[in-house]
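Peer 1: My structure is below; once you've seen it, I'll send some questions.
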Amino acid sequence: MLLDGKIAIITGAGPGLGATLAGLMKEEGAEVVAAARTGRPIPGAITVAADVTVPADMRGLAARTLARFGRIDVLVNAAFPGTHRRNVLDMSPDDLRSWREAVDIGTYGTLVACRYIAPHMVAQGSGSIVNVTSMSSRKGYAGRSDFAVGKAGAHLLSHCLADELGPSGVRVNCVAPGWIASDVLDDWMRTRAESEGVTFEEIRERDLRAMALRRIATEEDVARAVIFLASDQAGAITGATVDVNSGQLFT
């Protein structure tokens, strides 16, 4: 088991990738503390209601984990709000507020979580932080500036933290997913198909041809990459990004 005996915190552990990651980390031997604003139960994990943009919440999350387990070995930052497509010049005042919230959660929330959890890793002389960024952190798309900027900030923050924390034995890396198979992705493909007057199957085939592996990554694909970077098998890796996009973008 790659994470046998390790204590892991996941922020943004809601339904979807967060829940999948929590379950697989548990299978790999970790004790998992899953934090999200809703505090929704996650199978196999201790769940905590916490907001990554609130310093007191992150301080409390660290304290609760230490009180229960005595150490923190892994931090995975996966928090990000649901976003909608909107071009910058079409943004209303409400859209501007939503844009700022997305960037605050994606970048500032990652900073706050690291600020209050990483010191405990530094004190013990070991630890692994994995920030879930995105293919969009290096390739922007029309209408998705909130998502791209929020993830790009976390991406560069990871480089800074890797340099700062490396001398203390703490590693910081990113996993950058591309598209992840889901009902939401299928719905987006159907919307595009309707607008172009073609079938869903034609749109899907066109999209798959843009990927070297001719398949769309799954939540488990992404979670397995996170687990590898969190594990001791990645002991000499820091400041790196593992792309999980089936060859949609080479970096």
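Please note that chains go A, B, ... in the order of the structure tokens, that every chain numbers its residues from 1, and that ligands are numbered from 1 in the order shown.
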I'd like a table as a tab-separated table: residues in segment 146-173 of chain A with an atom no more than 6 Å from segment 110-133 of chain A, each row giving the shortest atom pair and its distance in Å to one decimal, only C-alpha atoms counted, sorted by chain and rising residue number.
Peer 2:
```
residue	atom	partner	partner_atom	distance
A:Lys151	CA	A:Thr133	CA	5.0
A:Ser168	CA	A:Gly125	CA	5.5
A:Gly169	CA	A:Ser126	CA	4.7
A:Val170	CA	A:Gly127	CA	4.6
A:Arg171	CA	A:Ser128	CA	4.8
A:Val172	CA	A:Ile129	CA	4.7
A:Asn173	CA	A:Val130	CA	5.0
```
Peer 1: Using only C-alpha atoms, find the one residue out of A:Leu185, A:Met91, A:Val244, A:Ala8 that sits nearest to Leu213 of chain A.
Peer 2: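 The shortest atom-to-atom distance to Leu213 of chain A comes from A:Val244.
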Peer 1: Go ahead and compute the interatomic distance for atom CA of Gly5 of chain A and atom CA of Pro177 of chain A, in Å to one decimal.
Peer 2: 26.9 Å
Peer 1: State, in Å with one decimal place, the distance from atom CA of Asp104 of chain A to atom CA of Gly150 of chain A.
Peer 2: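 Separation of atom CA of Asp104 of chain A and atom CA of Gly150 of chain A: 7.2 Å.
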Peer 1: Would you please extract all strand (DSSP E) residues from segment 2-227 of chain A, as assigned by DSSP on the backbone, and give them as number ranges by chain?
Peer 2: A: 7-11, 31-36, 46-49, 74-77, 127-132, 170-177
Peer 1: Let's have the selection written as a tab-separated table (two decimals), in the first residue's frame, with N, CA, C and O atoms.
Peer 2:
```
chain	number	residue	atom	x	y	z
A	7	ILE	N	-1.06	10.02	7.32
A	7	ILE	CA	-2.23	10.83	7.66
A	7	ILE	C	-2.38	11.89	6.59
A	7	ILE	O	-1.47	12.69	6.35
A	8	ALA	N	-3.53	11.91	5.92
A	8	ALA	CA	-3.74	12.78	4.78
A	8	ALA	C	-4.94	13.69	4.99
A	8	ALA	O	-5.99	13.26	5.47
A	9	ILE	N	-4.77	14.95	4.60
A	9	ILE	CA	-5.87	15.91	4.56
A	9	ILE	C	-6.17	16.22	3.09
A	9	ILE	O	-5.25	16.46	2.31
A	10	ILE	N	-7.45	16.23	2.74
A	10	ILE	CA	-7.88	16.64	1.41
A	10	ILE	C	-8.82	17.83	1.57
A	10	ILE	O	-9.82	17.73	2.28
A	11	THR	N	-8.50	18.95	0.93
A	11	THR	CA	-9.44	20.07	0.91
A	11	THR	C	-10.25	20.01	-0.38
A	11	THR	O	-9.78	19.51	-1.40
A	31	GLU	N	-4.99	7.26	6.63
A	31	GLU	CA	-6.12	7.81	7.37
A	31	GLU	C	-6.42	9.15	6.73
A	31	GLU	O	-5.53	9.98	6.55
A	32	VAL	N	-7.68	9.38	6.37
A	32	VAL	CA	-8.04	10.54	5.56
A	32	VAL	C	-8.97	11.48	6.32
A	32	VAL	O	-9.99	11.05	6.88
A	33	VAL	N	-8.60	12.76	6.32
A	33	VAL	CA	-9.48	13.81	6.83
A	33	VAL	C	-9.91	14.63	5.62
A	33	VAL	O	-9.07	15.22	4.92
A	34	ALA	N	-11.20	14.66	5.35
A	34	ALA	CA	-11.74	15.31	4.16
A	34	ALA	C	-12.45	16.59	4.56
A	34	ALA	O	-13.39	16.56	5.37
A	35	ALA	N	-12.00	17.72	4.00
A	35	ALA	CA	-12.57	19.02	4.36
A	35	ALA	C	-13.26	19.64	3.16
A	35	ALA	O	-12.75	19.63	2.05
A	36	ALA	N	-14.44	20.18	3.40
A	36	ALA	CA	-15.19	20.93	2.38
A	36	ALA	C	-16.13	21.87	3.09
A	36	ALA	O	-16.44	21.69	4.27
A	46	ILE	N	-12.79	10.94	7.68
A	46	ILE	CA	-13.34	11.83	8.70
A	46	ILE	C	-13.64	13.15	7.99
A	46	ILE	O	-12.76	13.73	7.35
A	47	THR	N	-14.85	13.62	8.06
A	47	THR	CA	-15.23	14.83	7.32
A	47	THR	C	-15.30	16.03	8.26
A	47	THR	O	-15.78	15.93	9.39
A	48	VAL	N	-14.84	17.15	7.75
A	48	VAL	CA	-14.81	18.40	8.51
A	48	VAL	C	-15.36	19.51	7.63
A	48	VAL	O	-14.97	19.64	6.46
A	49	ALA	N	-16.27	20.31	8.17
A	49	ALA	CA	-16.77	21.48	7.45
A	49	ALA	C	-15.75	22.61	7.62
A	49	ALA	O	-15.47	23.05	8.73
A	74	VAL	N	0.36	14.24	4.51
A	74	VAL	CA	-0.05	14.58	3.15
A	74	VAL	C	-1.12	15.65	3.19
A	74	VAL	O	-2.05	15.58	4.00
A	75	LEU	N	-0.98	16.63	2.31
A	75	LEU	CA	-2.04	17.62	2.09
A	75	LEU	C	-2.33	17.66	0.60
A	75	LEU	O	-1.43	17.88	-0.22
A	76	VAL	N	-3.59	17.44	0.24
A	76	VAL	CA	-4.03	17.56	-1.15
A	76	VAL	C	-5.01	18.72	-1.23
A	76	VAL	O	-6.05	18.71	-0.57
A	77	ASN	N	-4.67	19.73	-2.01
A	77	ASN	CA	-5.55	20.88	-2.20
A	77	ASN	C	-6.32	20.71	-3.50
A	77	ASN	O	-5.75	20.80	-4.59
A	127	GLY	N	6.94	15.52	4.56
A	127	GLY	CA	5.56	15.72	4.15
A	127	GLY	C	5.46	15.91	2.65
A	127	GLY	O	6.46	16.17	1.97
A	128	SER	N	4.25	15.75	2.14
A	128	SER	CA	4.01	15.91	0.71
A	128	SER	C	2.73	16.71	0.51
A	128	SER	O	1.68	16.36	1.06
A	129	ILE	N	2.85	17.78	-0.26
A	129	ILE	CA	1.69	18.58	-0.65
A	129	ILE	C	1.46	18.38	-2.14
A	129	ILE	O	2.40	18.49	-2.94
A	130	VAL	N	0.23	18.06	-2.50
A	130	VAL	CA	-0.12	17.89	-3.91
A	130	VAL	C	-1.28	18.84	-4.21
A	130	VAL	O	-2.35	18.72	-3.61
A	131	ASN	N	-1.05	19.77	-5.11
A	131	ASN	CA	-2.08	20.72	-5.51
A	131	ASN	C	-2.69	20.30	-6.84
A	131	ASN	O	-1.96	20.08	-7.81
A	132	VAL	N	-4.00	20.15	-6.85
A	132	VAL	CA	-4.69	19.76	-8.08
A	132	VAL	C	-4.92	21.03	-8.89
A	132	VAL	O	-5.73	21.89	-8.52
A	170	VAL	N	9.95	18.84	2.91
A	170	VAL	CA	8.55	18.84	2.48
A	170	VAL	C	8.50	19.06	0.96
A	170	VAL	O	9.07	20.02	0.44
A	171	ARG	N	7.83	18.16	0.26
A	171	ARG	CA	7.73	18.22	-1.19
A	171	ARG	C	6.40	18.87	-1.60
A	171	ARG	O	5.39	18.68	-0.93
A	172	VAL	N	6.43	19.61	-2.72
A	172	VAL	CA	5.22	20.26	-3.23
A	172	VAL	C	5.15	20.02	-4.73
A	172	VAL	O	6.06	20.41	-5.46
A	173	ASN	N	4.09	19.41	-5.18
A	173	ASN	CA	3.92	19.09	-6.60
A	173	ASN	C	2.49	19.36	-7.04
A	173	ASN	O	1.60	19.60	-6.21
A	174	CYS	N	2.27	19.30	-8.33
A	174	CYS	CA	0.94	19.49	-8.90
A	174	CYS	C	0.52	18.27	-9.73
A	174	CYS	O	1.36	17.65	-10.38
A	175	VAL	N	-0.75	18.00	-9.73
A	175	VAL	CA	-1.37	17.12	-10.72
A	175	VAL	C	-2.31	17.99	-11.53
A	175	VAL	O	-3.15	18.70	-10.98
A	176	ALA	N	-2.14	17.96	-12.85
A	176	ALA	CA	-2.91	18.83	-13.74
A	176	ALA	C	-3.81	17.99	-14.63
A	176	ALA	O	-3.38	17.50	-15.68
A	177	PRO	N	-5.06	17.81	-14.26
A	177	PRO	CA	-5.98	17.06	-15.13
A	177	PRO	C	-6.36	17.87	-16.36
A	177	PRO	O	-6.34	19.11	-16.36
```
Peer 1: Considering only C-alpha atoms, can you say which of A:Ala19, A:Gln248, A:Leu161, A:Ser136 comes closest to Arg209 of chain A?
Peer 2: A:Gln248
Peer 1: Would you list the contacts of Gly106 of chain A as a PyMOL selection string, taking every protein, DNA or RNA residue within 12 Å and counting only C-alpha atoms, but skipping same-chain residues closer than 3 positions in sequence?
Peer 2: chain A and resi 11-12+51-53+77-83+99-103+109-113+131-134+137+146-157
